[in-house]
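A.B. asks: Input file: structure36.cif. Contents: mmCIF, C-alpha atoms.
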```cif
data_final
#
loop_
_atom_site.group_PDB
_atom_site.id
_atom_site.type_symbol
_atom_site.label_atom_id
_atom_site.label_comp_id
_atom_site.auth_asym_id
_atom_site.auth_seq_id
_atom_site.Cartn_x
_atom_site.Cartn_y
_atom_site.Cartn_z
ATOM 1 C CA MET A 1 0.000 0.000 0.000
ATOM 2 C CA THR A 2 1.030 3.611 -0.322
ATOM 3 C CA PHE A 3 -0.137 7.167 0.268
ATOM 4 C CA CYS A 4 -0.069 9.799 -2.469
ATOM 5 C CA ILE A 5 -2.074 13.009 -2.529
ATOM 6 C CA GLY A 6 -2.481 15.745 -5.122
ATOM 7 C CA ILE A 7 -4.114 19.087 -4.330
ATOM 8 C CA LYS A 8 -5.251 21.806 -6.728
ATOM 9 C CA THR A 9 -5.587 25.366 -5.415
ATOM 10 C CA LYS A 10 -6.115 28.726 -7.072
ATOM 11 C CA ASN A 11 -2.356 29.300 -6.798
ATOM 12 C CA GLY A 12 -1.065 25.994 -8.144
ATOM 13 C CA LEU A 13 -0.558 22.351 -7.221
ATOM 14 C CA VAL A 14 0.767 20.461 -4.202
ATOM 15 C CA GLY A 15 1.691 16.779 -4.143
ATOM 16 C CA LEU A 16 2.945 14.523 -1.353
ATOM 17 C CA SER A 17 3.799 10.839 -1.241
ATOM 18 C CA ASP A 18 5.263 8.408 1.236
ATOM 19 C CA SER A 19 8.135 6.146 0.216
ATOM 20 C CA ARG A 20 7.472 2.844 1.989
ATOM 21 C CA ILE A 21 7.569 -0.289 -0.156
ATOM 22 C CA THR A 22 6.150 -3.471 1.369
ATOM 23 C CA SER A 23 6.958 -6.907 -0.030
ATOM 24 C CA GLY A 24 5.802 -9.755 2.169
ATOM 25 C CA ASN A 25 7.432 -9.180 5.547
ATOM 26 C CA GLU A 26 10.079 -6.866 4.140
ATOM 27 C CA THR A 27 9.865 -3.079 3.999
ATOM 28 C CA THR A 28 12.098 -0.709 2.059
ATOM 29 C CA SER A 29 11.964 2.900 0.874
ATOM 30 C CA SER A 30 11.728 4.042 -2.719
ATOM 31 C CA LYS A 31 10.686 7.231 -4.451
ATOM 32 C CA LYS A 32 7.154 7.221 -5.888
ATOM 33 C CA VAL A 33 7.300 10.570 -7.699
ATOM 34 C CA PHE A 34 8.487 11.085 -11.285
ATOM 35 C CA THR A 35 9.001 14.712 -12.376
ATOM 36 C CA VAL A 36 9.629 16.493 -15.662
ATOM 37 C CA ASN A 37 10.880 20.092 -15.736
ATOM 38 C CA ARG A 38 11.386 21.630 -19.169
ATOM 39 C CA GLU A 39 10.789 25.056 -20.660
ATOM 40 C CA LYS A 40 7.071 25.826 -20.199
ATOM 41 C CA HIS A 41 6.592 22.125 -19.662
ATOM 42 C CA SER A 42 6.454 20.740 -16.114
ATOM 43 C CA PHE A 43 4.539 17.846 -14.596
ATOM 44 C CA PHE A 44 4.776 15.074 -12.020
ATOM 45 C CA ILE A 45 3.445 11.528 -11.756
ATOM 46 C CA MET A 46 2.757 9.777 -8.439
ATOM 47 C CA THR A 47 1.705 6.140 -8.462
ATOM 48 C CA SER A 48 0.120 3.476 -6.289
ATOM 49 C CA GLY A 49 0.219 -0.201 -7.224
ATOM 50 C CA LEU A 50 2.677 -2.916 -8.144
ATOM 51 C CA ARG A 51 6.188 -1.507 -8.234
ATOM 52 C CA SER A 52 7.165 -3.551 -11.275
ATOM 53 C CA VAL A 53 4.211 -2.196 -13.257
ATOM 54 C CA ARG A 54 5.032 1.346 -12.190
ATOM 55 C CA ASP A 55 8.708 1.117 -13.126
ATOM 56 C CA LYS A 56 7.987 -0.423 -16.522
ATOM 57 C CA ALA A 57 5.298 2.121 -17.418
ATOM 58 C CA ILE A 58 7.513 5.038 -16.317
ATOM 59 C CA THR A 59 10.447 3.658 -18.313
ATOM 60 C CA TYR A 60 8.333 3.322 -21.461
ATOM 61 C CA PHE A 61 6.864 6.782 -20.934
ATOM 62 C CA SER A 62 10.317 8.323 -20.415
ATOM 63 C CA GLU A 63 11.321 7.018 -23.832
ATOM 64 C CA VAL A 64 8.269 8.660 -25.382
ATOM 65 C CA ILE A 65 9.076 11.946 -23.623
ATOM 66 C CA GLU A 66 12.594 11.924 -25.038
ATOM 67 C CA LYS A 67 11.323 11.457 -28.592
ATOM 68 C CA GLN A 68 7.954 13.269 -28.646
ATOM 69 C CA ASP A 69 8.031 15.785 -25.827
ATOM 70 C CA GLU A 70 7.400 18.792 -28.055
ATOM 71 C CA SER A 71 4.185 17.244 -29.387
ATOM 72 C CA PHE A 72 2.587 17.531 -25.930
ATOM 73 C CA THR A 73 1.264 21.079 -25.566
ATOM 74 C CA LYS A 74 -1.418 20.413 -22.932
ATOM 75 C CA LEU A 75 -1.141 18.160 -19.910
ATOM 76 C CA PHE A 76 -3.956 15.853 -20.977
ATOM 77 C CA HIS A 77 -1.850 14.914 -24.030
ATOM 78 C CA ALA A 78 0.836 13.591 -21.687
ATOM 79 C CA VAL A 79 -1.777 11.913 -19.490
ATOM 80 C CA ASN A 80 -3.208 10.126 -22.516
ATOM 81 C CA GLU A 81 0.243 8.914 -23.522
ATOM 82 C CA PHE A 82 1.098 7.658 -20.053
ATOM 83 C CA GLY A 83 -2.236 5.842 -20.075
ATOM 84 C CA ASN A 84 -1.218 4.250 -23.372
ATOM 85 C CA GLN A 85 2.005 2.996 -21.817
ATOM 86 C CA VAL A 86 0.095 1.531 -18.867
ATOM 87 C CA LYS A 87 -2.070 -0.322 -21.408
ATOM 88 C CA VAL A 88 1.068 -1.635 -23.126
ATOM 89 C CA VAL A 89 2.368 -2.981 -19.816
ATOM 90 C CA ALA A 90 -1.039 -4.541 -19.150
ATOM 91 C CA ARG A 91 -0.945 -6.349 -22.498
ATOM 92 C CA GLU A 92 2.563 -7.596 -21.777
ATOM 93 C CA ASP A 93 2.322 -8.530 -18.095
ATOM 94 C CA LYS A 94 -1.253 -8.638 -16.788
ATOM 95 C CA LYS A 95 -1.930 -12.278 -17.672
ATOM 96 C CA PHE A 96 1.316 -13.492 -16.119
ATOM 97 C CA LEU A 97 0.847 -11.395 -12.989
ATOM 98 C CA GLU A 98 -2.657 -12.742 -12.447
ATOM 99 C CA GLU A 99 -1.444 -16.297 -12.977
ATOM 100 C CA ALA A 100 1.024 -15.626 -10.162
ATOM 101 C CA GLY A 101 -1.769 -14.374 -7.924
ATOM 102 C CA LEU A 102 -0.948 -10.682 -8.300
ATOM 103 C CA HIS A 103 -3.520 -8.037 -9.208
ATOM 104 C CA PHE A 104 -2.620 -5.640 -12.033
ATOM 105 C CA ASN A 105 -3.222 -2.193 -10.573
ATOM 106 C CA LEU A 106 -1.594 1.160 -11.151
ATOM 107 C CA PHE A 107 -3.408 4.290 -10.066
ATOM 108 C CA SER A 108 -1.634 7.545 -10.923
ATOM 109 C CA ILE A 109 -1.927 11.189 -9.935
ATOM 110 C CA ILE A 110 -0.611 13.422 -12.700
ATOM 111 C CA GLY A 111 -0.298 17.162 -12.203
ATOM 112 C CA GLY A 112 1.410 19.963 -14.082
ATOM 113 C CA GLN A 113 1.196 22.736 -16.615
ATOM 114 C CA LEU A 114 2.249 22.715 -20.262
ATOM 115 C CA GLU A 115 2.584 25.704 -22.561
ATOM 116 C CA HIS A 116 -1.038 25.760 -23.800
ATOM 117 C CA ASP A 117 -2.646 25.041 -20.417
ATOM 118 C CA THR A 118 -4.248 28.155 -18.976
ATOM 119 C CA GLU A 119 -3.452 26.932 -15.457
ATOM 120 C CA PRO A 120 -1.951 23.875 -13.744
ATOM 121 C CA LYS A 121 -4.065 20.737 -14.165
ATOM 122 C CA LEU A 122 -4.504 17.675 -11.970
ATOM 123 C CA TYR A 123 -5.690 14.224 -13.121
ATOM 124 C CA LEU A 124 -6.385 10.797 -11.669
ATOM 125 C CA LEU A 125 -5.449 8.002 -14.075
ATOM 126 C CA TYR A 126 -6.994 4.558 -13.602
ATOM 127 C CA PRO A 127 -5.309 1.192 -14.342
ATOM 128 C CA GLN A 128 -7.462 0.859 -17.479
ATOM 129 C CA GLY A 129 -5.905 4.030 -18.919
ATOM 130 C CA ASN A 130 -8.933 6.300 -18.528
ATOM 131 C CA TRP A 131 -8.827 9.414 -16.353
ATOM 132 C CA ILE A 132 -10.771 12.163 -14.591
ATOM 133 C CA GLU A 133 -9.756 15.768 -13.961
ATOM 134 C CA ILE A 134 -9.610 17.039 -10.382
ATOM 135 C CA ARG A 135 -11.371 20.402 -10.171
ATOM 136 C CA LYS A 136 -11.998 23.007 -7.502
ATOM 137 C CA GLY A 137 -15.266 21.445 -6.296
ATOM 138 C CA THR A 138 -13.262 18.627 -4.677
ATOM 139 C CA PRO A 139 -9.709 19.964 -4.966
ATOM 140 C CA PHE A 140 -7.767 16.874 -3.893
ATOM 141 C CA VAL A 141 -7.282 13.220 -4.736
ATOM 142 C CA ILE A 142 -5.631 10.403 -2.753
ATOM 143 C CA ILE A 143 -4.440 7.065 -4.068
ATOM 144 C CA GLY A 144 -3.286 4.058 -2.072
ATOM 145 C CA ASN A 145 -4.482 4.149 1.505
ATOM 146 C CA THR A 146 -7.305 6.656 1.116
ATOM 147 C CA GLY A 147 -9.536 6.381 4.173
ATOM 148 C CA PHE A 148 -7.664 8.000 7.035
ATOM 149 C CA GLY A 149 -6.655 11.284 5.413
ATOM 150 C CA ASN A 150 -10.040 12.197 3.961
ATOM 151 C CA PRO A 151 -11.621 13.593 7.171
ATOM 152 C CA VAL A 152 -8.873 16.186 7.638
ATOM 153 C CA LEU A 153 -9.117 17.341 4.045
ATOM 154 C CA LYS A 154 -12.899 17.429 3.759
ATOM 155 C CA ARG A 155 -13.167 19.534 6.920
ATOM 156 C CA SER A 156 -10.282 21.889 6.200
ATOM 157 C CA LEU A 157 -9.254 22.226 2.552
ATOM 158 C CA HIS A 158 -10.690 24.533 -0.100
ATOM 159 C CA HIS A 159 -9.635 25.576 -3.578
ATOM 160 C CA GLU A 160 -9.083 29.166 -2.414
ATOM 161 C CA ASP A 161 -6.457 28.180 0.180
ATOM 162 C CA SER A 162 -2.786 29.063 -0.190
ATOM 163 C CA LEU A 163 -0.157 26.558 -1.262
ATOM 164 C CA GLU A 164 1.368 26.728 2.213
ATOM 165 C CA TYR A 165 -1.962 25.840 3.798
ATOM 166 C CA ALA A 166 -2.571 23.064 1.266
ATOM 167 C CA LEU A 167 0.831 21.537 2.004
ATOM 168 C CA ARG A 168 0.061 21.543 5.727
ATOM 169 C CA CYS A 169 -3.242 19.777 5.060
ATOM 170 C CA ALA A 170 -1.460 17.245 2.867
ATOM 171 C CA PHE A 171 1.012 16.483 5.652
ATOM 172 C CA LEU A 172 -1.735 16.087 8.268
ATOM 173 C CA ALA A 173 -3.591 13.699 5.940
ATOM 174 C CA PHE A 174 -0.387 11.678 5.553
ATOM 175 C CA ASP A 175 0.272 11.764 9.297
ATOM 176 C CA ALA A 176 -3.234 10.480 10.079
ATOM 177 C CA THR A 177 -2.659 7.640 7.617
ATOM 178 C CA ARG A 178 0.810 6.858 8.964
ATOM 179 C CA ILE A 179 -0.507 6.538 12.512
ATOM 180 C CA SER A 180 -3.357 4.260 11.421
ATOM 181 C CA ALA A 181 -1.612 2.055 8.812
ATOM 182 C CA ASN A 182 1.711 0.250 9.155
ATOM 183 C CA ASP A 183 2.322 0.231 5.398
ATOM 184 C CA VAL A 184 2.647 4.030 5.070
ATOM 185 C CA ASP A 185 5.653 5.862 6.487
ATOM 186 C CA PHE A 186 8.487 8.354 6.138
ATOM 187 C CA PRO A 187 10.444 9.621 4.294
ATOM 188 C CA ILE A 188 7.957 11.725 2.339
ATOM 189 C CA ASP A 189 8.470 13.521 -0.968
ATOM 190 C CA THR A 190 6.698 16.776 -1.782
ATOM 191 C CA VAL A 191 6.193 18.563 -5.090
ATOM 192 C CA VAL A 192 4.909 22.108 -5.576
ATOM 193 C CA LEU A 193 4.030 23.856 -8.840
ATOM 194 C CA LYS A 194 2.996 27.517 -8.811
ATOM 195 C CA ASN A 195 0.771 28.972 -11.511
ATOM 196 C CA ASP A 196 2.629 29.805 -14.746
ATOM 197 C CA GLU A 197 6.105 29.153 -13.294
ATOM 198 C CA TYR A 198 6.663 25.868 -15.180
ATOM 199 C CA PHE A 199 9.048 24.506 -12.560
ATOM 200 C CA ILE A 200 8.247 21.835 -9.985
ATOM 201 C CA THR A 201 9.991 22.254 -6.646
ATOM 202 C CA GLU A 202 10.709 18.860 -5.120
ATOM 203 C CA LYS A 203 11.852 18.100 -1.564
ATOM 204 C CA ARG A 204 12.253 15.051 0.678
ATOM 205 C CA PHE A 205 11.568 15.127 4.430
ATOM 206 C CA GLU A 206 12.711 12.643 7.066
ATOM 207 C CA GLN A 207 10.629 11.869 10.152
ATOM 208 C CA LYS A 208 12.982 13.670 12.536
ATOM 209 C CA GLU A 209 12.424 16.914 10.592
ATOM 210 C CA LEU A 210 8.641 16.844 10.981
ATOM 211 C CA GLU A 211 7.900 14.901 14.169
ATOM 212 C CA HIS A 212 7.468 18.165 16.104
ATOM 213 C CA ILE A 213 4.510 19.003 13.825
ATOM 214 C CA SER A 214 2.895 15.639 14.587
ATOM 215 C CA ALA A 215 3.381 16.212 18.334
ATOM 216 C CA PHE A 216 1.937 19.728 18.088
ATOM 217 C CA TRP A 217 -1.121 18.473 16.193
ATOM 218 C CA ASN A 218 -1.724 15.615 18.650
ATOM 219 C CA ASN A 219 -1.614 17.991 21.609
ATOM 220 C CA ARG A 220 -3.937 20.481 19.940
ATOM 221 C CA LEU A 221 -6.450 17.712 19.182
ATOM 222 C CA LYS A 222 -6.425 16.518 22.796
ATOM 223 C CA ASN A 223 -6.889 20.066 24.085
ATOM 224 C CA ALA A 224 -9.658 20.754 21.575
ATOM 225 C CA ILE A 225 -11.547 17.648 22.703
ATOM 226 C CA ALA A 226 -11.216 18.670 26.348
ATOM 227 C CA GLU A 227 -12.472 22.188 25.541
ATOM 228 C CA LEU A 228 -15.473 21.147 23.431
ATOM 229 C CA PRO A 229 -18.702 22.934 24.497
ATOM 230 C CA ALA A 230 -20.244 19.520 25.005
ATOM 231 C CA ASP A 231 -21.813 19.632 28.462
ATOM 232 C CA ILE A 232 -25.028 18.256 26.976
ATOM 233 C CA LEU A 233 -23.175 14.987 26.318
ATOM 234 C CA ASN A 234 -22.413 14.644 30.026
ATOM 235 C CA SER A 235 -26.086 13.957 30.649
ATOM 236 C CA ALA A 236 -25.627 10.626 28.907
ATOM 237 C CA ILE A 237 -23.077 9.652 31.536
ATOM 238 C CA GLY A 238 -25.300 10.862 34.341
ATOM 239 C CA GLU A 239 -28.384 9.031 33.058
ATOM 240 C CA GLU A 240 -26.362 5.859 32.625
ATOM 241 C CA ASN A 241 -25.196 6.021 36.228
ATOM 242 C CA GLN A 242 -28.723 6.579 37.472
ATOM 243 C CA THR A 243 -29.963 3.563 35.531
ATOM 244 C CA VAL A 244 -27.265 1.350 37.025
ATOM 245 C CA GLU A 245 -28.053 2.546 40.540
ATOM 246 C CA LYS A 246 -31.779 1.817 40.120
ATOM 247 C CA GLU A 247 -31.088 -1.693 38.812
ATOM 248 C CA GLU A 248 -28.786 -2.427 41.761
ATOM 249 C CA ALA A 249 -31.448 -1.151 44.191
#
```
Reformat the file's structure so that it appears as structure tokens.

C.D. replies:
Amino acid sequence: MTFCIGIKTKNGLVGLSDSRITSGNETTSSKKVFTVNREKHSFFIMTSGLRSVRDKAITYFSEVIEKQDESFTKLFHAVNEFGNQVKVVAREDKKFLEEAGLHFNLFSIIGGQLEHDTEPKLYLLYPQGNWIEIRKGTPFVIIGNTGFGNPVLKRSLHHEDSLEYALRCAFLAFDATRISANDVDFPIDTVVLKNDEYFITEKRFEQKELEHISAFWNNRLKNAIAELPADILNSAIGEENQTVEKEEA
């Protein structure tokens, strides 16, 4: 399993992924983000699924980029081509993987801006090669372990938020997942693309660099629960005690 999130705001895109790779009882770390930075031509791909499928599709796609990069003038052109390469890998490997008891799956988050895009775009690509665009109505998408980070984002994140705020939300969604799932962990890789800058800033963070944020958030949550204006709930405790006392009498 993995955790990758892409966020679209009015100011650009934010992406974050963990790096844990689980194979049986063994765990290792490996980068799950592929980036391209060229003149007026920048995008990233984050993936969740079988590592072998991911590496093969990225390798095939890299060859296409080297030969046909200039023919992609909008991001969806590149998304379509990466989808084509995923289909090629499926034709080559899917049957053999399934015979070995492995499920062919490669979900991808692709974000970026090419020269004819009016703004950065964000897409979710399915294993079948089809895709959807992530828009401001629901400005984020998670692949991999999706359940634990959603509550933070749905309560807190909006398209109008700053990139700094979006990155904080992305980290808290990852942190909630990390605490709840043993197959998601540090280090994490982040990517940021500002509107019309055509350059993706990429950075890796180790746990020791960010553990103070996790501790701060945990303490704030505990204090917020203690300070909830929830006296009405206390009546449930009182009524329960009264019921027990009457039954004992």

A.B. asks: Could you list, as a list of chain:residue names, every residue within 6 Å of Ser17 of chain A, counting all atoms listed in the file and ignoring same-chain residues fewer than 2 positions away?

C.D. replies: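 The contact residues come out as A:Phe3, A:Cys4, A:Ile188, A:Asp189.
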
A.B. asks: Using only C-alpha atoms, which residue out of A:Gly6, A:Phe34, A:Val184, A:Asn219 lies closest to Ser62 of chain A?

C.D. replies: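 Under the stated criterion, the closest residue is A:Phe34.
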
A.B. asks: On this file, the PyMOL selection byres ((chain A and resi 153-166) around 7) gives some set of residues; write that set as a compact mmCIF listing (two decimals) with C-alpha atoms, in the frame of the given file.

C.D. replies:
```
# COMPACT_ATOMS: atom_id res chain seq x y z
CA LYS A 8 -5.25 21.81 -6.73
CA THR A 9 -5.59 25.37 -5.42
CA LYS A 10 -6.12 28.73 -7.07
CA ASN A 11 -2.36 29.30 -6.80
CA GLY A 12 -1.06 25.99 -8.14
CA VAL A 14 0.77 20.46 -4.20
CA LYS A 136 -12.00 23.01 -7.50
CA PRO A 139 -9.71 19.96 -4.97
CA GLY A 149 -6.66 11.28 5.41
CA ASN A 150 -10.04 12.20 3.96
CA PRO A 151 -11.62 13.59 7.17
CA VAL A 152 -8.87 16.19 7.64
CA LEU A 167 0.83 21.54 2.00
CA ARG A 168 0.06 21.54 5.73
CA CYS A 169 -3.24 19.78 5.06
CA ALA A 170 -1.46 17.24 2.87
CA ALA A 173 -3.59 13.70 5.94
```

A.B. asks: Measuring between only C-alpha atoms, which one of A:Gln128, A:Ile142, A:Gln85, A:Ser19 shows the shortest distance to Gln207 of chain A?

C.D. replies: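 For Gln207 of chain A, the nearest of the given residues is A:Ser19.
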
A.B. asks: What's the separation between atom CA of Ser180 of chain A and atom CA of Phe148 of chain A, in Å to one decimal place?

C.D. replies: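 These two atoms are separated by 7.2 Å.
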
A.B. asks: Separation of atom CA of Lys94 of chain A and atom CA of Ala78 of chain A, in Å?

C.D. replies: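 These two atoms are separated by 22.9 Å.
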
A.B. asks: Suppose you want the space between atom CA of Val33 of chain A and atom CA of Ala215 of chain A; what is it in Å?

C.D. replies: 26.9 Å

A.B. asks: Compare A:Lys203, A:Lys121, A:Lys208, A:Arg178 by their minimum atom-to-atom distance to Thr190 of chain A, counting only C-alpha atoms, and give me the closest one.

C.D. replies: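 Among the listed residues, the smallest separation from Thr190 of chain A belongs to A:Lys203.
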
A.B. asks: If we count only C-alpha atoms and set the cut-off at 12 Å, which residues sit around Lys74 of chain A, ignoring sequence neighbours fewer than 5 positions away in its own chain? Please answer as a list in words.

C.D. replies: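 Contacts, in chain order: Lys40, His41, Ser42, Phe43, Asp69, Val79, Asn80, Glu81, Gly111, Gly112, Gln113, Leu114, Glu115, His116, Asp117, Thr118, Glu119, Pro120, Lys121 and Leu122 of chain A.
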
A.B. asks: Here is a test: counting only C-alpha atoms, which residue of A:Ile65, A:Leu172, A:Leu124, A:Leu50 is nearest to Leu16 of chain A?

C.D. replies: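 Answer, going by the shortest atom-to-atom distance: A:Leu172.
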
A.B. asks: Once the PyMOL selection byres ((chain A and resi 130) around 12) has been evaluated on this model, what residues remain selected, and can you format them as a PyMOL selection string?

C.D. replies: chain A and resi 76+79-87+106-108+123-129+131-133

A.B. asks: Care to translate the PyMOL selection byres ((chain A and resi 27) around 12) into actual residues of this file, as an MDAnalysis selection string?

C.D. replies: chainID A and resid 1:2 19:26 28:30 182:186

A.B. asks: Quick one: write out the picked residues with C-alpha atoms as a PDB file, in the coordinates of the input?

C.D. replies:
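As written to disk, selection_13.pdb reads:
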```pdb
ATOM      1  CA  MET A   1       0.000   0.000   0.000  1.00  0.00           C
ATOM      2  CA  THR A   2       1.030   3.611  -0.322  1.00  0.00           C
ATOM      3  CA  SER A  19       8.135   6.146   0.216  1.00  0.00           C
ATOM      4  CA  ARG A  20       7.472   2.844   1.989  1.00  0.00           C
ATOM      5  CA  ILE A  21       7.569  -0.289  -0.156  1.00  0.00           C
ATOM      6  CA  THR A  22       6.150  -3.471   1.369  1.00  0.00           C
ATOM      7  CA  SER A  23       6.958  -6.907  -0.030  1.00  0.00           C
ATOM      8  CA  GLY A  24       5.802  -9.755   2.169  1.00  0.00           C
ATOM      9  CA  ASN A  25       7.432  -9.180   5.547  1.00  0.00           C
ATOM     10  CA  GLU A  26      10.079  -6.866   4.140  1.00  0.00           C
ATOM     11  CA  THR A  28      12.098  -0.709   2.059  1.00  0.00           C
ATOM     12  CA  SER A  29      11.964   2.900   0.874  1.00  0.00           C
ATOM     13  CA  SER A  30      11.728   4.042  -2.719  1.00  0.00           C
ATOM     14  CA  ASN A 182       1.711   0.250   9.155  1.00  0.00           C
ATOM     15  CA  ASP A 183       2.322   0.231   5.398  1.00  0.00           C
ATOM     16  CA  VAL A 184       2.647   4.030   5.070  1.00  0.00           C
ATOM     17  CA  ASP A 185       5.653   5.862   6.487  1.00  0.00           C
ATOM     18  CA  PHE A 186       8.487   8.354   6.138  1.00  0.00           C
TER      19      PHE A 186
END
```

A.B. asks: Identify the residues around (9.1, 0.5, -16.1) within a radius of 12 Å, measuring from all atoms listed in the file in the coordinates stated by the file, and give them as a PyMOL selection string.

C.D. replies: chain A and resi 34+50-63+82+85-86+88-90+92-93+106

A.B. asks: Restricting the calculation to all atoms listed in the file: of A:Pro187, A:Ala176, A:Val192, A:Ala224, which residue gets closest to Glu209 of chain A?

C.D. replies: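 Closest to Glu209 of chain A of all the choices is A:Pro187.
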
A.B. asks: Using all atoms listed in the file, which of the listed residues (A:Leu97, A:Val141, A:Ile109, A:Ala181) sits closest to Thr47 of chain A?

C.D. replies: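 Smallest separation from Thr47 of chain A among the options: A:Ile109.
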